[in-house]
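Source file protein.csv; content: CSV, N, CA and C atoms.
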```csv
chain,number,residue,atom,x,y,z
A,1,MET,N,0.8,-1.2,0.0
A,1,MET,CA,0.0,0.0,0.0
A,1,MET,C,0.9,1.2,0.0
A,2,PHE,N,0.5,2.2,-0.8
A,2,PHE,CA,1.2,3.4,-0.9
A,2,PHE,C,0.3,4.6,-0.5
A,3,ALA,N,1.0,5.6,0.2
A,3,ALA,CA,0.3,6.8,0.6
A,3,ALA,C,-0.1,7.6,-0.6
A,4,ARG,N,-1.1,8.4,-0.4
A,4,ARG,CA,-1.5,9.4,-1.5
A,4,ARG,C,-0.5,10.6,-1.4
A,5,SER,N,0.7,10.4,-2.0
A,5,SER,CA,1.7,11.4,-2.0
A,5,SER,C,2.6,11.3,-3.3
A,6,ALA,N,3.2,12.3,-3.7
A,6,ALA,CA,4.0,12.3,-5.0
A,6,ALA,C,5.2,11.3,-4.8
A,7,ALA,N,5.7,11.2,-3.6
A,7,ALA,CA,6.9,10.3,-3.4
A,7,ALA,C,6.5,8.9,-3.6
A,8,SER,N,5.2,8.6,-3.5
A,8,SER,CA,4.7,7.2,-3.6
A,8,SER,C,4.9,6.7,-5.1
A,9,VAL,N,4.9,7.6,-6.0
A,9,VAL,CA,5.0,7.1,-7.4
A,9,VAL,C,6.4,6.6,-7.6
A,10,TYR,N,7.4,7.2,-7.1
A,10,TYR,CA,8.8,6.7,-7.1
A,10,TYR,C,8.9,5.4,-6.4
A,11,LYS,N,8.3,5.4,-5.2
A,11,LYS,CA,8.4,4.2,-4.4
A,11,LYS,C,7.7,3.0,-5.1
A,12,ALA,N,6.6,3.2,-5.7
A,12,ALA,CA,5.9,2.1,-6.4
A,12,ALA,C,6.7,1.6,-7.6
A,13,ARG,N,7.3,2.6,-8.3
A,13,ARG,CA,8.2,2.2,-9.5
A,13,ARG,C,9.4,1.4,-9.0
A,14,ASP,N,10.0,1.8,-7.9
A,14,ASP,CA,11.1,1.1,-7.3
A,14,ASP,C,10.7,-0.3,-6.8
A,15,PHE,N,9.6,-0.3,-6.2
A,15,PHE,CA,9.0,-1.6,-5.7
A,15,PHE,C,8.9,-2.6,-6.8
A,16,ALA,N,8.3,-2.2,-7.9
A,16,ALA,CA,8.0,-3.0,-9.1
A,16,ALA,C,9.4,-3.5,-9.7
A,17,ALA,N,10.3,-2.6,-9.8
A,17,ALA,CA,11.6,-3.0,-10.4
A,17,ALA,C,12.3,-4.0,-9.5
A,18,THR,N,12.2,-3.8,-8.2
A,18,THR,CA,12.8,-4.8,-7.3
A,18,THR,C,12.2,-6.2,-7.4
A,19,VAL,N,10.9,-6.2,-7.4
A,19,VAL,CA,10.1,-7.5,-7.4
A,19,VAL,C,10.4,-8.2,-8.8
A,20,VAL,N,10.3,-7.4,-9.9
A,20,VAL,CA,10.4,-8.0,-11.2
A,20,VAL,C,11.9,-8.4,-11.5
A,21,GLY,N,12.8,-7.6,-11.0
A,21,GLY,CA,14.2,-7.9,-11.2
A,21,GLY,C,14.6,-7.4,-12.6
A,22,MET,N,15.9,-7.5,-12.9
A,22,MET,CA,16.4,-7.0,-14.2
A,22,MET,C,16.0,-8.0,-15.3
A,23,GLY,N,15.5,-7.5,-16.4
A,23,GLY,CA,15.1,-8.3,-17.5
A,23,GLY,C,14.8,-7.4,-18.7
A,24,ASP,N,14.4,-8.1,-19.8
A,24,ASP,CA,14.2,-7.3,-21.0
A,24,ASP,C,12.9,-6.4,-20.9
A,25,ARG,N,12.0,-6.6,-20.0
A,25,ARG,CA,10.8,-5.8,-19.8
A,25,ARG,C,10.8,-4.9,-18.6
A,26,THR,N,11.9,-4.9,-17.9
A,26,THR,CA,11.9,-4.1,-16.6
A,26,THR,C,11.6,-2.6,-16.9
A,27,ASP,N,12.2,-2.0,-17.9
A,27,ASP,CA,12.0,-0.6,-18.1
A,27,ASP,C,10.5,-0.3,-18.6
A,28,ASP,N,10.0,-1.2,-19.4
A,28,ASP,CA,8.6,-1.1,-19.8
A,28,ASP,C,7.7,-1.2,-18.5
A,29,ILE,N,8.0,-2.1,-17.6
A,29,ILE,CA,7.2,-2.2,-16.4
A,29,ILE,C,7.3,-1.0,-15.5
A,30,ARG,N,8.5,-0.5,-15.4
A,30,ARG,CA,8.7,0.7,-14.6
A,30,ARG,C,7.9,1.9,-15.1
A,31,VAL,N,7.9,2.1,-16.4
A,31,VAL,CA,7.2,3.2,-17.0
A,31,VAL,C,5.7,3.0,-16.7
A,32,CYS,N,5.2,1.8,-16.9
A,32,CYS,CA,3.7,1.6,-16.7
A,32,CYS,C,3.3,1.7,-15.3
A,33,VAL,N,4.1,1.2,-14.4
A,33,VAL,CA,3.8,1.4,-12.9
A,33,VAL,C,3.8,2.9,-12.6
A,34,SER,N,4.8,3.6,-13.1
A,34,SER,CA,4.8,5.1,-12.9
A,34,SER,C,3.6,5.8,-13.4
A,35,GLU,N,3.1,5.4,-14.6
A,35,GLU,CA,1.9,6.1,-15.1
A,35,GLU,C,0.7,5.7,-14.3
A,36,LEU,N,0.5,4.4,-14.0
A,36,LEU,CA,-0.7,3.9,-13.3
A,36,LEU,C,-0.7,4.4,-11.9
A,37,ALA,N,0.5,4.5,-11.2
A,37,ALA,CA,0.6,5.0,-9.9
A,37,ALA,C,0.2,6.5,-9.9
A,38,THR,N,0.7,7.3,-10.9
A,38,THR,CA,0.4,8.7,-11.0
A,38,THR,C,-1.1,8.9,-11.2
A,39,ASN,N,-1.8,8.1,-12.0
A,39,ASN,CA,-3.2,8.1,-12.1
A,39,ASN,C,-3.9,7.8,-10.8
A,40,ALA,N,-3.5,6.8,-10.1
A,40,ALA,CA,-4.1,6.4,-8.8
A,40,ALA,C,-3.9,7.6,-7.8
A,41,LEU,N,-2.7,8.2,-7.8
A,41,LEU,CA,-2.5,9.3,-6.9
A,41,LEU,C,-3.5,10.4,-7.2
A,42,GLN,N,-3.7,10.7,-8.5
A,42,GLN,CA,-4.6,11.8,-8.8
A,42,GLN,C,-6.1,11.5,-8.5
A,43,HIS,N,-6.5,10.2,-8.5
A,43,HIS,CA,-7.9,9.8,-8.3
A,43,HIS,C,-8.2,9.2,-7.0
A,44,THR,N,-7.2,8.9,-6.1
A,44,THR,CA,-7.5,8.4,-4.8
A,44,THR,C,-7.9,9.5,-3.9
A,45,PRO,N,-9.0,9.3,-3.2
A,45,PRO,CA,-9.5,10.3,-2.3
A,45,PRO,C,-8.5,10.6,-1.2
A,46,VAL,N,-8.5,11.8,-0.7
A,46,VAL,CA,-7.6,12.2,0.4
A,46,VAL,C,-7.8,11.3,1.6
A,47,GLY,N,-6.7,10.9,2.2
A,47,GLY,CA,-6.8,10.0,3.3
A,47,GLY,C,-6.8,8.5,3.0
A,48,ARG,N,-6.9,8.2,1.7
A,48,ARG,CA,-6.9,6.8,1.2
A,48,ARG,C,-5.5,6.5,0.7
A,49,ARG,N,-5.2,5.2,0.5
A,49,ARG,CA,-4.0,4.7,-0.1
A,49,ARG,C,-4.3,4.0,-1.4
A,50,PHE,N,-3.3,3.7,-2.2
A,50,PHE,CA,-3.4,2.9,-3.4
A,50,PHE,C,-2.5,1.7,-3.2
A,51,LEU,N,-2.9,0.6,-3.9
A,51,LEU,CA,-2.2,-0.7,-3.8
A,51,LEU,C,-1.6,-1.0,-5.2
A,52,VAL,N,-0.3,-1.5,-5.1
A,52,VAL,CA,0.3,-2.0,-6.3
A,52,VAL,C,0.6,-3.5,-6.1
A,53,ARG,N,0.0,-4.3,-7.0
A,53,ARG,CA,0.2,-5.8,-6.8
A,53,ARG,C,0.9,-6.3,-8.1
A,54,ILE,N,1.8,-7.2,-7.9
A,54,ILE,CA,2.5,-7.8,-9.0
A,54,ILE,C,2.3,-9.3,-9.0
A,55,ILE,N,1.9,-9.9,-10.1
A,55,ILE,CA,1.5,-11.3,-10.2
A,55,ILE,C,2.3,-11.9,-11.3
A,56,PHE,N,3.0,-13.0,-11.0
A,56,PHE,CA,3.7,-13.8,-12.0
A,56,PHE,C,2.9,-15.0,-12.4
A,57,ASN,N,2.7,-15.3,-13.7
A,57,ASN,CA,1.9,-16.4,-14.1
A,57,ASN,C,2.4,-16.9,-15.5
A,58,GLU,N,3.1,-18.0,-15.6
A,58,GLU,CA,3.4,-18.6,-16.8
A,58,GLU,C,3.9,-17.7,-17.9
A,59,GLY,N,5.0,-17.0,-17.7
A,59,GLY,CA,5.6,-16.1,-18.7
A,59,GLY,C,4.9,-14.8,-18.8
A,60,VAL,N,4.1,-14.4,-17.9
A,60,VAL,CA,3.4,-13.1,-17.9
A,60,VAL,C,3.6,-12.5,-16.5
A,61,VAL,N,3.9,-11.2,-16.5
A,61,VAL,CA,3.9,-10.4,-15.3
A,61,VAL,C,2.7,-9.5,-15.4
A,62,ARG,N,1.8,-9.5,-14.4
A,62,ARG,CA,0.7,-8.7,-14.4
A,62,ARG,C,0.9,-7.6,-13.3
A,63,ILE,N,0.7,-6.4,-13.6
A,63,ILE,CA,0.8,-5.3,-12.7
A,63,ILE,C,-0.6,-4.8,-12.4
A,64,GLU,N,-1.0,-4.7,-11.2
A,64,GLU,CA,-2.3,-4.2,-10.8
A,64,GLU,C,-2.1,-3.0,-9.9
A,65,VAL,N,-2.8,-1.9,-10.2
A,65,VAL,CA,-2.9,-0.7,-9.4
A,65,VAL,C,-4.3,-0.5,-8.9
A,66,HIS,N,-4.6,-0.6,-7.7
A,66,HIS,CA,-5.9,-0.5,-7.1
A,66,HIS,C,-6.0,0.9,-6.4
A,67,ASP,N,-7.1,1.6,-6.7
A,67,ASP,CA,-7.4,2.8,-6.0
A,67,ASP,C,-8.9,2.9,-5.7
A,68,ALA,N,-9.2,3.8,-4.7
A,68,ALA,CA,-10.6,4.0,-4.3
A,68,ALA,C,-11.3,5.1,-5.0
A,69,GLY,N,-10.7,5.6,-6.1
A,69,GLY,CA,-11.3,6.7,-6.8
A,69,GLY,C,-12.4,6.3,-7.7
A,70,ASP,N,-13.3,7.3,-8.0
A,70,ASP,CA,-14.4,7.0,-8.9
A,70,ASP,C,-13.9,7.1,-10.3
A,71,GLY,N,-14.8,6.7,-11.2
A,71,GLY,CA,-14.5,6.9,-12.7
A,71,GLY,C,-13.8,5.7,-13.2
A,72,THR,N,-13.8,5.7,-14.6
A,72,THR,CA,-13.1,4.6,-15.3
A,72,THR,C,-12.1,5.3,-16.2
A,73,PRO,N,-10.8,4.9,-16.0
A,73,PRO,CA,-9.8,5.4,-16.9
A,73,PRO,C,-10.0,5.1,-18.4
A,74,ARG,N,-9.7,6.0,-19.2
A,74,ARG,CA,-9.9,5.8,-20.7
A,74,ARG,C,-8.7,6.3,-21.4
A,75,LEU,N,-8.4,5.7,-22.5
A,75,LEU,CA,-7.4,6.1,-23.4
A,75,LEU,C,-7.8,7.4,-24.1
A,76,CYS,N,-6.9,8.4,-24.0
A,76,CYS,CA,-7.2,9.7,-24.6
A,76,CYS,C,-6.3,10.0,-25.8
A,77,THR,N,-6.7,10.9,-26.6
A,77,THR,CA,-5.9,11.4,-27.7
A,77,THR,C,-5.6,12.9,-27.5
A,78,PRO,N,-4.6,13.2,-26.7
A,78,PRO,CA,-4.4,14.6,-26.4
A,78,PRO,C,-3.8,15.4,-27.6
A,79,ALA,N,-4.0,16.6,-27.6
A,79,ALA,CA,-3.4,17.5,-28.6
A,79,ALA,C,-1.9,17.6,-28.3
A,80,ASP,N,-1.1,18.0,-29.2
A,80,ASP,CA,0.3,18.2,-29.0
A,80,ASP,C,0.6,19.2,-27.9
A,81,THR,N,-0.3,20.1,-27.7
A,81,THR,CA,-0.1,21.2,-26.7
A,81,THR,C,-0.6,20.8,-25.3
A,82,ASP,N,-1.3,19.7,-25.2
A,82,ASP,CA,-1.9,19.3,-23.9
A,82,ASP,C,-0.7,18.9,-23.0
A,83,ASP,N,-0.8,19.2,-21.7
A,83,ASP,CA,0.2,18.8,-20.8
A,83,ASP,C,-0.2,17.5,-19.9
A,84,ARG,N,-1.2,16.9,-20.3
A,84,ARG,CA,-1.7,15.6,-19.6
A,84,ARG,C,-2.5,14.8,-20.6
A,85,GLY,N,-2.8,13.6,-20.2
A,85,GLY,CA,-3.6,12.7,-21.0
A,85,GLY,C,-2.8,11.6,-21.8
A,86,ARG,N,-1.5,11.5,-21.5
A,86,ARG,CA,-0.7,10.6,-22.2
A,86,ARG,C,-0.4,9.3,-21.5
A,87,GLY,N,-0.8,9.2,-20.2
A,87,GLY,CA,-0.4,8.1,-19.4
A,87,GLY,C,-0.8,6.7,-19.9
A,88,LEU,N,-2.1,6.6,-20.2
A,88,LEU,CA,-2.6,5.3,-20.7
A,88,LEU,C,-2.1,5.1,-22.2
A,89,MET,N,-1.8,6.1,-22.9
A,89,MET,CA,-1.2,5.9,-24.2
A,89,MET,C,0.2,5.2,-24.0
A,90,LEU,N,0.9,5.6,-23.0
A,90,LEU,CA,2.2,5.0,-22.8
A,90,LEU,C,2.0,3.5,-22.3
A,91,VAL,N,1.0,3.3,-21.4
A,91,VAL,CA,0.7,2.0,-20.9
A,91,VAL,C,0.3,1.1,-22.1
A,92,SER,N,-0.5,1.6,-23.0
A,92,SER,CA,-0.9,0.9,-24.2
A,92,SER,C,0.2,0.5,-25.1
A,93,ALA,N,1.2,1.5,-25.2
A,93,ALA,CA,2.3,1.2,-26.1
A,93,ALA,C,3.4,0.2,-25.5
A,94,PHE,N,3.6,0.3,-24.2
A,94,PHE,CA,4.6,-0.6,-23.6
A,94,PHE,C,4.1,-1.9,-23.1
A,95,ALA,N,2.9,-2.0,-22.7
A,95,ALA,CA,2.3,-3.3,-22.2
A,95,ALA,C,1.8,-4.1,-23.3
A,96,ASP,N,1.8,-5.4,-23.1
A,96,ASP,CA,1.2,-6.3,-24.1
A,96,ASP,C,-0.4,-6.3,-24.1
A,97,ASP,N,-0.9,-6.0,-22.9
A,97,ASP,CA,-2.3,-5.8,-22.8
A,97,ASP,C,-2.6,-5.0,-21.5
A,98,TRP,N,-3.7,-4.4,-21.4
A,98,TRP,CA,-4.1,-3.6,-20.2
A,98,TRP,C,-5.6,-3.5,-20.2
A,99,GLY,N,-6.1,-3.1,-19.0
A,99,GLY,CA,-7.5,-2.9,-18.9
A,99,GLY,C,-7.9,-2.4,-17.5
A,100,VAL,N,-9.2,-2.3,-17.3
A,100,VAL,CA,-9.7,-1.8,-16.0
A,100,VAL,C,-10.7,-2.9,-15.5
A,101,SER,N,-10.7,-3.2,-14.2
A,101,SER,CA,-11.5,-4.2,-13.7
A,101,SER,C,-12.2,-3.7,-12.4
A,102,ASP,N,-13.3,-4.2,-12.0
A,102,ASP,CA,-13.9,-3.9,-10.7
A,102,ASP,C,-13.1,-4.6,-9.6
A,103,ARG,N,-13.2,-4.1,-8.4
A,103,ARG,CA,-12.6,-4.7,-7.3
A,103,ARG,C,-13.6,-4.7,-6.1
A,104,SER,N,-13.3,-5.5,-5.1
A,104,SER,CA,-14.2,-5.4,-4.0
A,104,SER,C,-13.9,-4.1,-3.2
A,105,GLY,N,-15.0,-3.5,-2.8
A,105,GLY,CA,-14.8,-2.2,-2.2
A,105,GLY,C,-14.9,-1.1,-3.2
A,106,PRO,N,-14.7,0.2,-2.8
A,106,PRO,CA,-14.8,1.3,-3.7
A,106,PRO,C,-13.6,1.3,-4.7
A,107,GLY,N,-13.9,2.0,-5.8
A,107,GLY,CA,-12.8,2.2,-6.8
A,107,GLY,C,-12.7,1.1,-7.8
A,108,LYS,N,-11.5,1.0,-8.4
A,108,LYS,CA,-11.2,0.1,-9.5
A,108,LYS,C,-9.8,-0.4,-9.4
A,109,LEU,N,-9.5,-1.3,-10.3
A,109,LEU,CA,-8.1,-1.7,-10.5
A,109,LEU,C,-7.7,-1.6,-11.9
A,110,VAL,N,-6.6,-1.0,-12.2
A,110,VAL,CA,-6.1,-0.9,-13.6
A,110,VAL,C,-4.9,-1.8,-13.7
A,111,TRP,N,-4.9,-2.6,-14.7
A,111,TRP,CA,-3.9,-3.6,-14.8
A,111,TRP,C,-3.1,-3.5,-16.2
A,112,ALA,N,-1.9,-4.0,-16.2
A,112,ALA,CA,-1.1,-4.1,-17.4
A,112,ALA,C,-0.4,-5.4,-17.4
A,113,GLU,N,-0.3,-6.1,-18.5
A,113,GLU,CA,0.4,-7.4,-18.6
A,113,GLU,C,1.6,-7.3,-19.6
A,114,PHE,N,2.6,-8.1,-19.2
A,114,PHE,CA,3.9,-8.1,-19.9
A,114,PHE,C,4.3,-9.5,-20.1
A,115,LYS,N,4.5,-9.9,-21.4
A,115,LYS,CA,5.1,-11.2,-21.6
A,115,LYS,C,6.6,-11.2,-21.3
A,116,ILE,N,7.1,-12.2,-20.6
A,116,ILE,CA,8.5,-12.2,-20.3
A,116,ILE,C,9.0,-13.6,-20.6
A,117,GLN,N,10.3,-13.6,-20.8
A,117,GLN,CA,11.0,-14.9,-21.0
A,117,GLN,C,11.2,-15.5,-19.6
A,118,THR,N,10.9,-16.8,-19.4
A,118,THR,CA,11.3,-17.5,-18.2
A,118,THR,C,12.6,-18.1,-18.4
A,119,ALA,N,13.2,-18.6,-17.3
A,119,ALA,CA,14.5,-19.3,-17.4
A,119,ALA,C,14.5,-20.4,-18.4
A,120,ALA,N,13.4,-21.2,-18.5
A,120,ALA,CA,13.3,-22.3,-19.4
A,120,ALA,C,13.2,-21.8,-20.8
A,121,GLU,N,12.8,-20.6,-21.1
A,121,GLU,CA,12.7,-20.1,-22.4
A,121,GLU,C,14.0,-19.4,-22.9
A,122,THR,N,14.9,-19.1,-22.0
A,122,THR,CA,16.1,-18.4,-22.4
A,122,THR,C,17.0,-19.3,-23.3
A,123,SER,N,17.6,-18.8,-24.3
A,123,SER,CA,18.5,-19.5,-25.2
A,123,SER,C,19.8,-18.8,-25.3
A,124,TYR,N,20.8,-19.6,-25.6
A,124,TYR,CA,22.2,-19.0,-25.8
A,124,TYR,C,22.6,-19.1,-27.2
```
If you took the structure in this file and wrote it as C-alpha cells, what would it be?
Amino acid sequence: MFARSAASVYKARDFAATVVGMGDRTDDIRVCVSELATNALQHTPVGRRFLVRIIFNEGVVRIEVHDAGDGTPRLCTPADTDDRGRGLMLVSAFADDWGVSDRSGPGKLVWAEFKIQTAAETSY
C-alpha cells in the first residue's frame, strides 16, 4: 500500500523494479507502474492509499494498481499542446495488454500485462 503522495510514485516504481528484477521488460514495467501510480495518486480520495500488486503467471507479469477513486480510466488522444492525458497511451504502447476491472470495495483496479521470458525459455 502506498500513501497518497507524490513520493509514492517513485516508491511504487522502485518496488516493481525490485520485485520483477532485471530483464528485457523491466523498463517497460517501470514506465507503466509510474503512469498507473500517477493516475491512482490523482484519483485516490484524500486519506486513502493505493495498492500495487505484481503477479507472475506462466511467462506473464501482471501489474495491478488499485485505488478507491471514482470513474473509469480511458485512453485519450491529447493534442500536441496538452500537458496531460498521455499516461494510458504509454501503458498501451509498452504493455502487451491492459484494462480496467472492478474490485471489492470502492474504486477500481487498472492492470497491465507483460510477456516475459522465463528461465526455461532463455536460449544462448
| For Arg13 of chain A, which residue among A:Leu90, A:Asn57, A:Val65, A:Arg49 is the nearest when counting only C-alpha atoms? | A:Val65
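With distances taken over all atoms listed in the file, A:His66 is the one residue among A:Phe94, A:His66, A:Arg30, A:Leu88 lying closest to Lys108 of chain A.
Note that the spacing between atom CA of Asp70 of chain A and atom CA of Ile55 of chain A amounts to 24.3 Å.
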| If you measure from atom C of Asp80 of chain A to atom C of Thr38 of chain A, what distance in Å do you get, rounded to one decimal? | 19.7 Å
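Across the structure, atom CA of Thr26 of chain A and atom C of Val110 of chain A are spaced 17.2 Å apart.
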| Long-range neighbours of Leu41 of chain A as an NGL selection string, 6 Å cut-off, all atoms listed in the file, 5 positions minimum in chain | :A and (4-5 or 36)
| request: Among the residues of segment 39-124 of chain A, find those DSSP assigns to strand (DSSP E) from the backbone and print them as a VMD selection string. | output: chain A and resid 49 to 57 60 to 67 97 to 101 108 to 115
For the selection just defined, write its residues with N, CA and C atoms to a file, as a PDB file, in the coordinates of the input.
```
ATOM      1  N   ARG A  49      -5.200   5.200   0.500  1.00  0.00           N
ATOM      2  CA  ARG A  49      -4.000   4.700  -0.100  1.00  0.00           C
ATOM      3  C   ARG A  49      -4.300   4.000  -1.400  1.00  0.00           C
ATOM      4  N   PHE A  50      -3.300   3.700  -2.200  1.00  0.00           N
ATOM      5  CA  PHE A  50      -3.400   2.900  -3.400  1.00  0.00           C
ATOM      6  C   PHE A  50      -2.500   1.700  -3.200  1.00  0.00           C
ATOM      7  N   LEU A  51      -2.900   0.600  -3.900  1.00  0.00           N
ATOM      8  CA  LEU A  51      -2.200  -0.700  -3.800  1.00  0.00           C
ATOM      9  C   LEU A  51      -1.600  -1.000  -5.200  1.00  0.00           C
ATOM     10  N   VAL A  52      -0.300  -1.500  -5.100  1.00  0.00           N
ATOM     11  CA  VAL A  52       0.300  -2.000  -6.300  1.00  0.00           C
ATOM     12  C   VAL A  52       0.600  -3.500  -6.100  1.00  0.00           C
ATOM     13  N   ARG A  53       0.000  -4.300  -7.000  1.00  0.00           N
ATOM     14  CA  ARG A  53       0.200  -5.800  -6.800  1.00  0.00           C
ATOM     15  C   ARG A  53       0.900  -6.300  -8.100  1.00  0.00           C
ATOM     16  N   ILE A  54       1.800  -7.200  -7.900  1.00  0.00           N
ATOM     17  CA  ILE A  54       2.500  -7.800  -9.000  1.00  0.00           C
ATOM     18  C   ILE A  54       2.300  -9.300  -9.000  1.00  0.00           C
ATOM     19  N   ILE A  55       1.900  -9.900 -10.100  1.00  0.00           N
ATOM     20  CA  ILE A  55       1.500 -11.300 -10.200  1.00  0.00           C
ATOM     21  C   ILE A  55       2.300 -11.900 -11.300  1.00  0.00           C
ATOM     22  N   PHE A  56       3.000 -13.000 -11.000  1.00  0.00           N
ATOM     23  CA  PHE A  56       3.700 -13.800 -12.000  1.00  0.00           C
ATOM     24  C   PHE A  56       2.900 -15.000 -12.400  1.00  0.00           C
ATOM     25  N   ASN A  57       2.700 -15.300 -13.700  1.00  0.00           N
ATOM     26  CA  ASN A  57       1.900 -16.400 -14.100  1.00  0.00           C
ATOM     27  C   ASN A  57       2.400 -16.900 -15.500  1.00  0.00           C
ATOM     28  N   VAL A  60       4.100 -14.400 -17.900  1.00  0.00           N
ATOM     29  CA  VAL A  60       3.400 -13.100 -17.900  1.00  0.00           C
ATOM     30  C   VAL A  60       3.600 -12.500 -16.500  1.00  0.00           C
ATOM     31  N   VAL A  61       3.900 -11.200 -16.500  1.00  0.00           N
ATOM     32  CA  VAL A  61       3.900 -10.400 -15.300  1.00  0.00           C
ATOM     33  C   VAL A  61       2.700  -9.500 -15.400  1.00  0.00           C
ATOM     34  N   ARG A  62       1.800  -9.500 -14.400  1.00  0.00           N
ATOM     35  CA  ARG A  62       0.700  -8.700 -14.400  1.00  0.00           C
ATOM     36  C   ARG A  62       0.900  -7.600 -13.300  1.00  0.00           C
ATOM     37  N   ILE A  63       0.700  -6.400 -13.600  1.00  0.00           N
ATOM     38  CA  ILE A  63       0.800  -5.300 -12.700  1.00  0.00           C
ATOM     39  C   ILE A  63      -0.600  -4.800 -12.400  1.00  0.00           C
ATOM     40  N   GLU A  64      -1.000  -4.700 -11.200  1.00  0.00           N
ATOM     41  CA  GLU A  64      -2.300  -4.200 -10.800  1.00  0.00           C
ATOM     42  C   GLU A  64      -2.100  -3.000  -9.900  1.00  0.00           C
ATOM     43  N   VAL A  65      -2.800  -1.900 -10.200  1.00  0.00           N
ATOM     44  CA  VAL A  65      -2.900  -0.700  -9.400  1.00  0.00           C
ATOM     45  C   VAL A  65      -4.300  -0.500  -8.900  1.00  0.00           C
ATOM     46  N   HIS A  66      -4.600  -0.600  -7.700  1.00  0.00           N
ATOM     47  CA  HIS A  66      -5.900  -0.500  -7.100  1.00  0.00           C
ATOM     48  C   HIS A  66      -6.000   0.900  -6.400  1.00  0.00           C
ATOM     49  N   ASP A  67      -7.100   1.600  -6.700  1.00  0.00           N
ATOM     50  CA  ASP A  67      -7.400   2.800  -6.000  1.00  0.00           C
ATOM     51  C   ASP A  67      -8.900   2.900  -5.700  1.00  0.00           C
ATOM     52  N   ASP A  97      -0.900  -6.000 -22.900  1.00  0.00           N
ATOM     53  CA  ASP A  97      -2.300  -5.800 -22.800  1.00  0.00           C
ATOM     54  C   ASP A  97      -2.600  -5.000 -21.500  1.00  0.00           C
ATOM     55  N   TRP A  98      -3.700  -4.400 -21.400  1.00  0.00           N
ATOM     56  CA  TRP A  98      -4.100  -3.600 -20.200  1.00  0.00           C
ATOM     57  C   TRP A  98      -5.600  -3.500 -20.200  1.00  0.00           C
ATOM     58  N   GLY A  99      -6.100  -3.100 -19.000  1.00  0.00           N
ATOM     59  CA  GLY A  99      -7.500  -2.900 -18.900  1.00  0.00           C
ATOM     60  C   GLY A  99      -7.900  -2.400 -17.500  1.00  0.00           C
ATOM     61  N   VAL A 100      -9.200  -2.300 -17.300  1.00  0.00           N
ATOM     62  CA  VAL A 100      -9.700  -1.800 -16.000  1.00  0.00           C
ATOM     63  C   VAL A 100     -10.700  -2.900 -15.500  1.00  0.00           C
ATOM     64  N   SER A 101     -10.700  -3.200 -14.200  1.00  0.00           N
ATOM     65  CA  SER A 101     -11.500  -4.200 -13.700  1.00  0.00           C
ATOM     66  C   SER A 101     -12.200  -3.700 -12.400  1.00  0.00           C
ATOM     67  N   LYS A 108     -11.500   1.000  -8.400  1.00  0.00           N
ATOM     68  CA  LYS A 108     -11.200   0.100  -9.500  1.00  0.00           C
ATOM     69  C   LYS A 108      -9.800  -0.400  -9.400  1.00  0.00           C
ATOM     70  N   LEU A 109      -9.500  -1.300 -10.300  1.00  0.00           N
ATOM     71  CA  LEU A 109      -8.100  -1.700 -10.500  1.00  0.00           C
ATOM     72  C   LEU A 109      -7.700  -1.600 -11.900  1.00  0.00           C
ATOM     73  N   VAL A 110      -6.600  -1.000 -12.200  1.00  0.00           N
ATOM     74  CA  VAL A 110      -6.100  -0.900 -13.600  1.00  0.00           C
ATOM     75  C   VAL A 110      -4.900  -1.800 -13.700  1.00  0.00           C
ATOM     76  N   TRP A 111      -4.900  -2.600 -14.700  1.00  0.00           N
ATOM     77  CA  TRP A 111      -3.900  -3.600 -14.800  1.00  0.00           C
ATOM     78  C   TRP A 111      -3.100  -3.500 -16.200  1.00  0.00           C
ATOM     79  N   ALA A 112      -1.900  -4.000 -16.200  1.00  0.00           N
ATOM     80  CA  ALA A 112      -1.100  -4.100 -17.400  1.00  0.00           C
ATOM     81  C   ALA A 112      -0.400  -5.400 -17.400  1.00  0.00           C
ATOM     82  N   GLU A 113      -0.300  -6.100 -18.500  1.00  0.00           N
ATOM     83  CA  GLU A 113       0.400  -7.400 -18.600  1.00  0.00           C
ATOM     84  C   GLU A 113       1.600  -7.300 -19.600  1.00  0.00           C
ATOM     85  N   PHE A 114       2.600  -8.100 -19.200  1.00  0.00           N
ATOM     86  CA  PHE A 114       3.900  -8.100 -19.900  1.00  0.00           C
ATOM     87  C   PHE A 114       4.300  -9.500 -20.100  1.00  0.00           C
ATOM     88  N   LYS A 115       4.500  -9.900 -21.400  1.00  0.00           N
ATOM     89  CA  LYS A 115       5.100 -11.200 -21.600  1.00  0.00           C
ATOM     90  C   LYS A 115       6.600 -11.200 -21.300  1.00  0.00           C
TER      91      LYS A 115
END
```
Shell around Ala112 of chain A at 6.5 Å using all atoms listed in the file, local window under 2 positions removed, as a short mmCIF file (atom, residue, chain, number, x, y, z; two decimals) with N, CA and C atoms, in the frame of the given file:
```cif
data_model
loop_
_atom_site.label_atom_id
_atom_site.label_comp_id
_atom_site.auth_asym_id
_atom_site.auth_seq_id
_atom_site.Cartn_x
_atom_site.Cartn_y
_atom_site.Cartn_z
N VAL A 61 3.90 -11.20 -16.50
CA VAL A 61 3.90 -10.40 -15.30
C VAL A 61 2.70 -9.50 -15.40
N ARG A 62 1.80 -9.50 -14.40
CA ARG A 62 0.70 -8.70 -14.40
C ARG A 62 0.90 -7.60 -13.30
N ILE A 63 0.70 -6.40 -13.60
CA ILE A 63 0.80 -5.30 -12.70
C ILE A 63 -0.60 -4.80 -12.40
N GLU A 64 -1.00 -4.70 -11.20
CA GLU A 64 -2.30 -4.20 -10.80
C GLU A 64 -2.10 -3.00 -9.90
N VAL A 65 -2.80 -1.90 -10.20
CA VAL A 65 -2.90 -0.70 -9.40
C VAL A 65 -4.30 -0.50 -8.90
N ALA A 95 2.90 -2.00 -22.70
CA ALA A 95 2.30 -3.30 -22.20
C ALA A 95 1.80 -4.10 -23.30
N ASP A 96 1.80 -5.40 -23.10
CA ASP A 96 1.20 -6.30 -24.10
C ASP A 96 -0.40 -6.30 -24.10
N ASP A 97 -0.90 -6.00 -22.90
CA ASP A 97 -2.30 -5.80 -22.80
C ASP A 97 -2.60 -5.00 -21.50
N TRP A 98 -3.70 -4.40 -21.40
CA TRP A 98 -4.10 -3.60 -20.20
C TRP A 98 -5.60 -3.50 -20.20
N GLY A 99 -6.10 -3.10 -19.00
CA GLY A 99 -7.50 -2.90 -18.90
C GLY A 99 -7.90 -2.40 -17.50
N VAL A 110 -6.60 -1.00 -12.20
CA VAL A 110 -6.10 -0.90 -13.60
C VAL A 110 -4.90 -1.80 -13.70
N PHE A 114 2.60 -8.10 -19.20
CA PHE A 114 3.90 -8.10 -19.90
C PHE A 114 4.30 -9.50 -20.10
#
```
